[in-house]
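Asker: Encoded as structure tokens, here's the structure I'll be asking about.
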Amino acid sequence: MFKPEEMVRIEVITLNRYKDSLLTYLHENGMVEIRELNVKIAQKDSPNEYHRKAASYSITISRLADFLKAYRKSSGGGIKEFIFPREKARKKYRYEGIERLIKDVEDFLSTVEPEIKAVEGKITATQTEIERIKGDIAILELLSALNLDVSYLKSTDMLEIVVGTVDRNKFKPLVEEVTKATENRAVIVSKELKDKVLAVFVFLKKDYERANPILAKYSLERLEVPEGEGTPRELIAVYEEKLRARKEELESAKKDAEMLAEKYYEDIVFYQELMENERDKSTVLPMLARTNMTFALTGWLPRSDVPKILEGIKRVTNGTAYINIREPTEEELDEIPIKLKNPGWARPFEMLTEMYGVPKYNEIDPTPIITFTYSFFFGFMLTDFMYGLIIAIIAALLVKGHKKFNDGTYKFAYTLLISSFFTMVMGVIFGSYFGNALDLAGFTVPRVWDTFQDALVVLQLALAIGIAHLFTGYTVGFIVKLRNGETKDAVLDQLSWMLIILGITFLFLAGRNPSLGMPGKALFGVGLVLFILSELKNGALAVLLVISDFFGFVGSWLSYARLMALALATAGIAMVINILVQMVWGISIGPVPIGILIGLILFVGGQLFSVAINALGAFVHSLRLQYVEFFGTFYSGEGKPFQPFRAKREVSELEFEA
């Protein structure tokens with residue numbers, strides 16, 4: 001707790017014939033982050049033909065999976081499926097090397113791919129034909145305004161016939177120019193259609209070349225006249241029959257696709273996952289170094305996993321491997337990957353830390369601290385027992401349903417569940433149950449403070465919490481810098497603010513206990529001197545930075561007033577909803593008390609909206625107080641997250657003899 005997992009460097013050299021087995025072992029166990037080897041006496045490794053095939057087949061299978069997924073009958077879904085998702089069944093595969101895996105995939109694709117592609121091609125072709133027919137019908141609908149035999153609108157050996165639409169304001173000059181260019185040898189039939197004009201131009205072949213640029217000049221939108229004989233209305237009936245037949249063909253093809261999805265989808269996804277993992281596995285090959293007989297790799301792993309990794313590597317290589325485990329050097333501190341290490345009750349809150357950035361290897365992990373402070377701030381801002389209860393019920397269901405997956409939903413729901421406890425506690429302290437609903441209903445509600453009547457007290461509480469939070473941050477920073485040997489920075493940058501905060505606290509308490517006044521002034525004065533000394537290293541800018549940084553601290557402290565502001569906002573919105581309900585409650589139409597129904601709808605809907613909007617505000621502003629005010633006192637978040645070389649398994653399980 002408070003420190004990342006201890007990491008060590010591992011270096012391995014073994015024979016080339018164990019490469020695939022060793023990489024598969026490391027990939028399936030996911031405990032080592034492989035790093036690139038920088039050597040001059042050996043050459044870089046590279047993917048072989050089987051790895052390249054794996055990448056190619058991964059793309060092919062993904063396309064097949066996407067096609068079948070669109071026609072797979074859905075099962076489950078809805079709110080219940082979201083809260084209590086089902087685990088995907090895993091199919092086992094006996095891994096005997098990449099060559100054998102590629103052979104199995106090729107055998108599978110040789111059977112499945114032609115079937116799927118045939119149906120896919122039929123669906124695509126039919127859909128294209130349907131769209132073409134729909135386009136032809138749309139054109140025929142336009143041509144129906146002319147009521148001419150469609151066969152007359154086709155060019156002949158002597159005549160060039162153009163059908164199209166043009167803007168109404170362009171039609172007259174278009175006709176004039178075409179008539180002039182063809183010396184009155186053009187026949188034009190037209191029909192106005194709202195802001196467009198539908199026109200048929202008939203030219204002699206020899207005149208077309210002169211008329212065509214004019215048609216383009218006036219942006220004539222040409223229409224491709226459909227094949228057939230008869231009036232447009234007569235042909236529409238013919239084309240609609242064609243459309244019906246093609247739609248029946250499409251439905252038949254889709255049913256074939258559904259049958260293929262039922263038959264092959266799970267196998268497709270299974271082989272897709274196998275290929276994607278092989279492709280992922282091959283990405284580390286350029287990081288390795290090799291000779292004709294051997295290869296070498298290096299990486300980082302947690303110290304606690306060393307015994308298991310050593311035993312596994314020796315087993316995979318039959319003991320013919322050189323393995324070196326060493327401690328990180330000072331020069332490698334910034335390169336060490338960070339794996340957070342916290343007790344179970346704080347582990348889901350690592351998500352909040354990682355959203356900002358993980359600590360450096362020589363920094364403190366703030367997760368245990370923000371587990372409490374984030375949850376408490378959330379509860380202080382929401383400050384309503386019933387709101388906390390609603391959030392707790394929803395969060396508890398999500399935690400129960402997603403715990404086995406340990407996914408983002410589980411971690412987020414867990415943070416809300418802990419935060420809801422503080423919300424309910426603060427709701428009891430402030431006597432808030434759907435705001436002042438119980439007070440309006442005539443109940444006597446016990447409370448320590450009233451959010452509105454004791455707003456000044458709430459502000460004082462918020463500022464006191466803020467100064468304590470900042471003091472904690474500077475203290476943590478002081479400890480970290482002392483531990484890292486940065487004594488001067490610890491005293492000037494961290495201790496100075498600690499003394500200033502203690503001085504402010506003592507001076508405030510001196511109002512009740514005057515004996516604290518002198519120690520308060522002394523602490524504040526010493527802290528201010530140390531703070532000024534820390535700014536002198538900035539040279540000519542020292543005076544400006546003293547003013548800027550001091551008022552920056554004051555601004556950070558006052559930022560905690562948002563605790564009071566959001567508490568007031570929550571109570572205010574709830575109170576407005578309750579007043580509106582009270583106003584409509586007594587309305588009735590004759591003997592029907594319709595106001596009760598409207599009031600209940602308004603109360604339930606309004607309060608649920610208030611829960612959602614205020615919970616969102618509490619979530620965002622609680623994070624801001626951590627990320628901006630608190631982390632700004634000691635934390636960089638510039639560490640590199642631990643990214644182990646790990647297989648992603650959802651539907652497959654590799655049986656592998658290490």
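Each chain in the structure tokens gets a letter, A, B and so on, in the order shown; residues start at 1 in every chain, and ligands are counted from 1 in the order they appear.
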Determine, counting only C-alpha atoms, which protein, DNA and RNA residues have an atom within 8 Å of an atom of A:Leu26; residues of the same chain fewer than 6 positions away are not included. Present the result as a list in words.
Answerer: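 Surrounding residues, per the criterion: Val32, Phe645 and Arg646 of chain A.
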Asker: Find the residues around A:Ile116 up to 8 Å (only C-alpha atoms counted), leave out those fewer than 5 positions away in its own chain, and share them as a list in words.
Answerer: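 Close residues of A:Ile116: Leu64, Ala257 and Leu260 of chain A.
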Asker: Include C-alpha atoms and write out the residues we just selected as a PDB file, in the first residue's frame.
Answerer:
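And here is the file that came out, out-v2.pdb:
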```
ATOM      1  CA  LEU A  64     -16.275 -13.056 -41.752  1.00  0.00           C
ATOM      2  CA  ALA A 257     -26.851 -16.068 -43.594  1.00  0.00           C
ATOM      3  CA  LEU A 260     -24.529 -19.885 -41.326  1.00  0.00           C
TER       4      LEU A 260
END
```
Asker: Can you tell me which residues surround stretch 603-610 of chain A at a distance of at most 7 Å, considering only C-alpha atoms, apart from same-chain residues fewer than 4 positions away, and format the answer as a list in words?
Answerer: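 My reading of the contact set: Ile573, Ala574, Ile577, Asn578, Val581, Gly599 and Asn614 of chain A.
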Asker: Can you check which residues of stretch 307-363 of chain A DSSP gives as helix (DSSP H, G or I) on the backbone and send them as a PyMOL selection string?
Answerer: chain A and resi 307-316+330-335+347-356
Asker: Hey, what's within 10 Å of A:Tyr374 if we count only C-alpha atoms and toss same-chain stuff fewer than 2 positions away? As a list in words, please?
Answerer: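 These residues fall inside the cut-off: Phe349, Leu352, Thr367, Ile369, Ile370, Thr371, Phe372, Phe376, Phe377, Phe378, Gly379, Phe380, Thr415, Ile418, Ser419, Ala618, Phe619, His621, Ser622, Leu623, Arg624, Leu625 and Gln626 of chain A.
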Asker: Taking only stretch 50-212 of chain A into account, list the residues labelled strand (DSSP E or B) by DSSP (computed from the backbone), as a PyMOL selection string.
Answerer: chain A and resi 91-94+159-167+187-193+196-204
Asker: May I ask which of the residues A:Arg315, A:Val554, A:Leu198, A:Ala70 is the closest one to A:Tyr265, counting only C-alpha atoms?
Answerer: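 Using only C-alpha atoms, A:Tyr265 sits closest to A:Ala70.
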Asker: So that I can see what lies close to stretch 38-42 of chain A, please list as a list of chain:residue names the residues with an atom at most 8 Å from it, counting only C-alpha atoms and leaving out residues fewer than 4 positions away in the same chain.
Answerer: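 So, after excluding close chain neighbours, the residues are A:Ala289, A:Arg290, A:Thr291.
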Asker: Could you write out the selected residues, including N, CA and C atoms, as a short mmCIF file (atom, residue, chain, number, x, y, z; two decimals), in the first residue's frame?
Answerer:
```
data_model
loop_
_atom_site.label_atom_id
_atom_site.label_comp_id
_atom_site.auth_asym_id
_atom_site.auth_seq_id
_atom_site.Cartn_x
_atom_site.Cartn_y
_atom_site.Cartn_z
N ALA A 289 16.66 -10.25 -29.74
CA ALA A 289 17.92 -10.37 -30.47
C ALA A 289 18.18 -11.85 -30.70
N ARG A 290 18.80 -12.19 -31.84
CA ARG A 290 19.04 -13.60 -32.12
C ARG A 290 20.35 -13.81 -32.87
N THR A 291 20.84 -15.01 -32.72
CA THR A 291 21.96 -15.51 -33.53
C THR A 291 21.43 -16.71 -34.31
#
```
Asker: Rank A:Tyr635, A:Asn184, A:Leu193, A:Ile532 by their smallest atom-to-atom distance to A:Leu544, using only C-alpha atoms, and report the top residue only.
Answerer: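 Smallest separation from A:Leu544 among the options: A:Ile532.
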Asker: Give me the residues near A:Leu333 as a list in words, where near means some atom within 8 Å (using only C-alpha atoms) and where sequence neighbours in that chain fewer than 5 positions away do not count.
Answerer: Pro328, Lys360, Tyr361 and Asn362 of chain A
Asker: For A:Phe430, find every residue with an atom within 9 Å (counting only C-alpha atoms), except residues of its own chain fewer than 6 positions away, and show them as a ChimeraX atom specification.
Answerer: /A:383-384,446-451
